[in-house]
>>> print(open('my_file05.txt').read())   # compact mmCIF, C-alpha atoms
# COMPACT_ATOMS: atom_id res chain seq x y z
CA MET D 1 -60.19 -112.39 85.17
CA ASN D 2 -60.13 -111.49 88.83
CA ILE D 3 -57.60 -108.67 88.95
CA CYS D 4 -56.26 -107.67 92.35
CA VAL D 5 -55.28 -104.02 92.49
CA PHE D 6 -53.05 -102.81 95.30
CA LEU D 7 -53.36 -99.03 95.65
CA SER D 8 -53.75 -96.09 97.97
CA ALA D 9 -56.91 -95.07 99.78
CA ALA D 10 -55.65 -91.45 99.83
CA ASP D 11 -57.29 -88.60 97.94
CA LEU D 12 -54.88 -87.84 95.12
CA ASP D 13 -54.68 -85.37 92.26
CA ASP D 14 -55.60 -86.01 88.64
CA ARG D 15 -52.15 -87.15 87.50
CA TYR D 16 -52.88 -90.30 89.54
CA THR D 17 -56.68 -90.49 89.47
CA GLY D 18 -56.95 -90.03 85.68
CA PRO D 19 -54.87 -93.10 84.75
CA ALA D 20 -56.45 -95.10 87.60
CA ARG D 21 -59.92 -94.27 86.26
CA GLU D 22 -58.79 -95.25 82.75
CA PHE D 23 -57.49 -98.62 83.98
CA ALA D 24 -60.74 -99.18 85.90
CA ARG D 25 -62.84 -98.51 82.78
CA LEU D 26 -60.72 -100.92 80.75
CA LEU D 27 -61.04 -103.57 83.45
CA GLY D 28 -64.83 -103.15 83.64
CA LYS D 29 -65.34 -103.04 79.86
CA GLY D 30 -63.32 -106.24 79.60
CA GLY D 31 -65.83 -107.95 81.89
CA HIS D 32 -63.23 -108.49 84.60
CA THR D 33 -63.64 -108.40 88.38
CA LEU D 34 -61.81 -105.90 90.57
CA VAL D 35 -60.39 -107.53 93.69
CA TRP D 36 -59.35 -104.70 96.00
CA GLY D 37 -59.15 -103.57 99.62
CA GLY D 38 -62.85 -102.84 99.66
CA SER D 39 -62.51 -99.21 100.71
CA ASP D 40 -64.86 -96.51 99.44
CA VAL D 41 -62.44 -93.62 99.85
CA GLY D 42 -59.64 -92.02 97.86
CA LEU D 43 -58.05 -93.77 94.91
CA MET D 44 -59.70 -97.05 95.93
CA LYS D 45 -63.11 -95.40 95.43
CA VAL D 46 -62.05 -93.93 92.07
CA VAL D 47 -61.09 -97.38 90.77
CA ALA D 48 -64.15 -99.15 92.18
CA ASP D 49 -66.43 -96.47 90.68
CA GLY D 50 -64.77 -96.82 87.28
CA VAL D 51 -65.02 -100.61 87.22
CA GLU D 52 -68.66 -100.57 88.33
CA GLU D 53 -69.65 -97.85 85.83
CA ALA D 54 -68.05 -99.87 83.01
CA GLY D 55 -69.91 -103.05 83.92
CA GLY D 56 -67.26 -104.97 85.86
CA ARG D 57 -67.71 -106.80 89.16
CA LEU D 58 -66.44 -105.69 92.58
CA LEU D 59 -64.96 -108.13 95.09
CA GLY D 60 -63.74 -106.32 98.20
CA VAL D 61 -61.56 -107.62 100.99
CA SER D 62 -61.72 -105.23 103.91
CA VAL D 63 -60.29 -105.61 107.40
CA GLU D 64 -62.13 -105.31 110.72
CA PHE D 65 -60.60 -101.98 111.78
CA LEU D 66 -61.45 -100.41 108.39
CA ALA D 67 -64.91 -101.95 107.98
CA ALA D 68 -66.57 -98.53 108.48
CA LYS D 69 -64.88 -97.36 105.25
CA ALA D 70 -65.92 -100.44 103.26
CA ARG D 71 -67.95 -99.89 100.10
CA ALA D 72 -71.60 -100.91 100.29
CA GLY D 73 -73.47 -102.70 97.52
CA VAL D 74 -70.56 -104.65 96.03
CA ASP D 75 -70.88 -108.06 94.40
CA GLU D 76 -68.91 -109.65 97.26
CA MET D 77 -67.28 -108.31 100.43
CA VAL D 78 -65.07 -110.30 102.78
CA VAL D 79 -63.89 -108.84 106.10
CA ALA D 80 -60.53 -110.16 107.30
CA ARG D 81 -59.37 -110.20 110.92
CA ASP D 82 -56.10 -108.39 110.23
CA LEU D 83 -53.89 -107.04 107.45
CA ALA D 84 -51.99 -110.32 107.00
CA GLU D 85 -55.22 -112.26 106.43
CA ARG D 86 -56.48 -109.51 104.12
CA LYS D 87 -53.37 -109.72 101.98
CA ARG D 88 -53.62 -113.53 101.83
CA LEU D 89 -57.29 -113.37 100.79
CA LEU D 90 -56.65 -110.70 98.15
CA LEU D 91 -53.98 -112.85 96.54
CA GLU D 92 -56.04 -116.04 96.86
CA LYS D 93 -59.02 -114.53 95.05
CA ALA D 94 -56.94 -113.00 92.23
CA ASP D 95 -55.76 -114.36 88.89
CA ALA D 96 -53.37 -111.43 88.46
CA VAL D 97 -52.07 -108.41 90.36
CA VAL D 98 -51.65 -104.74 89.44
CA VAL D 99 -49.75 -102.42 91.74
CA MET D 100 -50.86 -98.80 91.42
CA VAL D 101 -49.57 -95.77 93.28
CA GLY D 102 -49.64 -96.05 97.05
CA GLY D 103 -47.82 -95.77 100.33
CA THR D 104 -46.23 -98.27 102.69
CA GLY D 105 -49.23 -100.64 102.67
CA THR D 106 -49.15 -100.84 98.89
CA LEU D 107 -45.40 -101.38 98.92
CA ASP D 108 -45.81 -104.16 101.51
CA GLU D 109 -48.44 -105.87 99.34
CA ALA D 110 -46.27 -105.52 96.22
CA THR D 111 -43.15 -106.98 97.80
CA GLU D 112 -45.13 -109.89 99.26
CA ILE D 113 -46.42 -111.04 95.86
CA LEU D 114 -42.95 -110.59 94.33
CA GLU D 115 -41.39 -112.63 97.14
CA LEU D 116 -43.94 -115.40 96.55
CA LYS D 117 -43.11 -115.36 92.82
CA LYS D 118 -39.38 -115.30 93.51
CA HIS D 119 -39.69 -118.55 95.47
CA GLY D 120 -42.06 -120.19 92.98
CA HIS D 121 -45.13 -120.12 95.25
CA THR D 122 -47.21 -118.36 92.61
CA GLU D 123 -46.96 -117.66 88.90
CA LYS D 124 -49.71 -115.02 88.79
CA PRO D 125 -48.75 -112.15 86.50
CA VAL D 126 -47.82 -108.95 88.33
CA VAL D 127 -47.84 -105.48 86.77
CA LEU D 128 -46.41 -102.40 88.37
CA LEU D 129 -48.32 -99.48 86.84
CA ASN D 130 -45.75 -96.69 86.92
CA THR D 131 -48.15 -93.74 86.71
CA ALA D 132 -46.41 -90.37 86.26
CA GLY D 133 -43.05 -92.04 86.98
CA PHE D 134 -44.15 -92.74 90.58
CA TYR D 135 -42.18 -96.01 90.72
CA ASP D 136 -39.08 -94.94 88.75
CA GLY D 137 -36.91 -95.21 91.86
CA LEU D 138 -38.33 -98.60 92.81
CA GLU D 139 -37.79 -99.92 89.31
CA GLN D 140 -34.20 -98.70 89.46
CA GLN D 141 -33.74 -100.46 92.82
CA PHE D 142 -35.20 -103.71 91.48
CA ARG D 143 -32.87 -103.55 88.47
CA ARG D 144 -29.91 -103.03 90.80
CA MET D 145 -31.02 -106.05 92.85
CA GLU D 146 -31.09 -108.10 89.65
CA ASP D 147 -27.75 -106.77 88.35
CA GLU D 148 -25.98 -107.43 91.65
CA GLY D 149 -27.31 -110.98 92.08
CA PHE D 150 -29.99 -110.49 94.74
CA LEU D 151 -32.76 -112.03 92.64
CA PRO D 152 -32.64 -115.75 91.80
CA ARG D 153 -34.98 -115.19 88.83
CA PRO D 154 -34.88 -112.56 86.10
CA LEU D 155 -36.81 -109.42 87.04
CA THR D 156 -38.94 -109.87 83.90
CA ASP D 157 -40.19 -113.19 85.38
CA LEU D 158 -41.35 -111.37 88.52
CA VAL D 159 -42.96 -108.13 87.35
CA PHE D 160 -43.92 -106.20 84.24
CA PHE D 161 -43.48 -102.42 84.38
CA ALA D 162 -46.25 -100.63 82.50
CA GLU D 163 -46.32 -96.89 81.87
CA GLU D 164 -49.94 -96.78 80.71
CA PRO D 165 -53.16 -98.53 81.80
CA VAL D 166 -53.80 -100.05 78.36
CA GLY D 167 -50.38 -101.73 78.42
CA ALA D 168 -50.99 -103.08 81.91
CA LEU D 169 -54.26 -104.76 80.98
CA ALA D 170 -52.93 -106.01 77.64
CA TYR D 171 -50.02 -107.71 79.43
CA LEU D 172 -52.38 -109.42 81.89
CA GLU D 173 -54.78 -110.60 79.19
CA GLU D 174 -51.91 -111.94 77.11
CA SER D 175 -50.29 -113.64 80.12
CA LEU D 176 -53.52 -115.43 81.03
CA GLY D 177 -54.67 -116.12 77.45
CA VAL D 178 -57.73 -113.90 77.68
CA GLU D 179 -59.03 -112.74 74.31
>>> encode(input="my_file05.txt", output="structure tokens")
Amino acid sequence: MNICVFLSAADLDDRYTGPAREFARLLGKGGHTLVWGGSDVGLMKVVADGVEEAGGRLLGVSVEFLAAKARAGVDEMVVARDLAERKRLLLEKADAVVVMVGGTGTLDEATEILELKKHGHTEKPVVLLNTAGFYDGLEQQFRRMEDEGFLPRPLTDLVFFAEEPVGALAYLEESLGVE
């Protein structure tokens, strides 16, 4: 599988890097390809390192103004003109999406894929990896949107909330029929 991971490029503490590293190892050991923002800093570097060390492939999609932070020596690197093109390419190249901890860019990427699913423009499985309860508030907001009629599809059709990396990957493999 080509698994797109939306996540932060910030340097974060072990409560976030530990589970991210664990997910990366699982992804690599499973023979999957990481599709990510191509950066070689912060949490993005942690995940890329873990996937590579475990034998997985790296497919980066950087953007012109961040090209200096792009990881060298990957299996494939694409440089987009702008953030909108980058997001489109990330989703195009992916079979599934995992949203890890991140800031406004990660949130933008997450809501875009959910909006596409909501309108039936993609059926790619999406997992929100709720590391250390980071997305508890967002999950609550999504449930309120569903309860109050703002979502035309059940929330469970749009996103799977996983508390642990192993559950995230298991959901994706099951959704796509990967053994």
>>> residues_around(input="my_file05.txt", residues="Glu85 (chain D)", least_positions_apart="2", cutoff="12 Å", atoms="all atoms listed in the file", output="NGL selection string")
:D and (37 or 61-64 or 78-83 or 87-92 or 109)
>>> atom_distance(input="my_file05.txt", atom1="CA of Val51 (chain D)", atom2="CA of Leu158 (chain D)")
26.0 Å
>>> atom_distance(input="my_file05.txt", atom1="CA of Gly50 (chain D)", atom2="CA of Gly18 (chain D)")
10.5 Å
>>> closest_residue(input="my_file05.txt", among="D:Gly60, D:Gly149, D:Gly28, D:Pro19", to="Pro165 (chain D)", atoms="only C-alpha atoms")
D:Pro19
>>> closest_residue(input="my_file05.txt", among="D:Met1, D:Val41, D:Leu114, D:Val46", to="Lys29 (chain D)", atoms="all atoms listed in the file")
D:Met1
>>> closest_atom_pairs(input="my_file05.txt", of="region 76-101 of chain D", to="region 132-136 of chain D", cutoff="12 Å", atoms="only C-alpha atoms", output="CSV")
residue,atom,partner,partner_atom,distance
D:Val99,CA,D:Tyr135,CA,10.0
D:Met100,CA,D:Phe134,CA,9.1
D:Val101,CA,D:Phe134,CA,6.8
>>> closest_residue(input="my_file05.txt", among="D:Met145, D:Ala96, D:Ala24, D:Ala72", to="Val166 (chain D)", atoms="all atoms listed in the file")
D:Ala24
>>> axis_aligned_box(input="my_file05.txt", around="region 36-51 of chain D", padding_each_side="3 Å", output="AutoDock Vina command-line options")
--center_x -62.2 --center_y -98.4 --center_z 94.0 --size_x 14.4 --size_y 18.7 --size_z 19.5
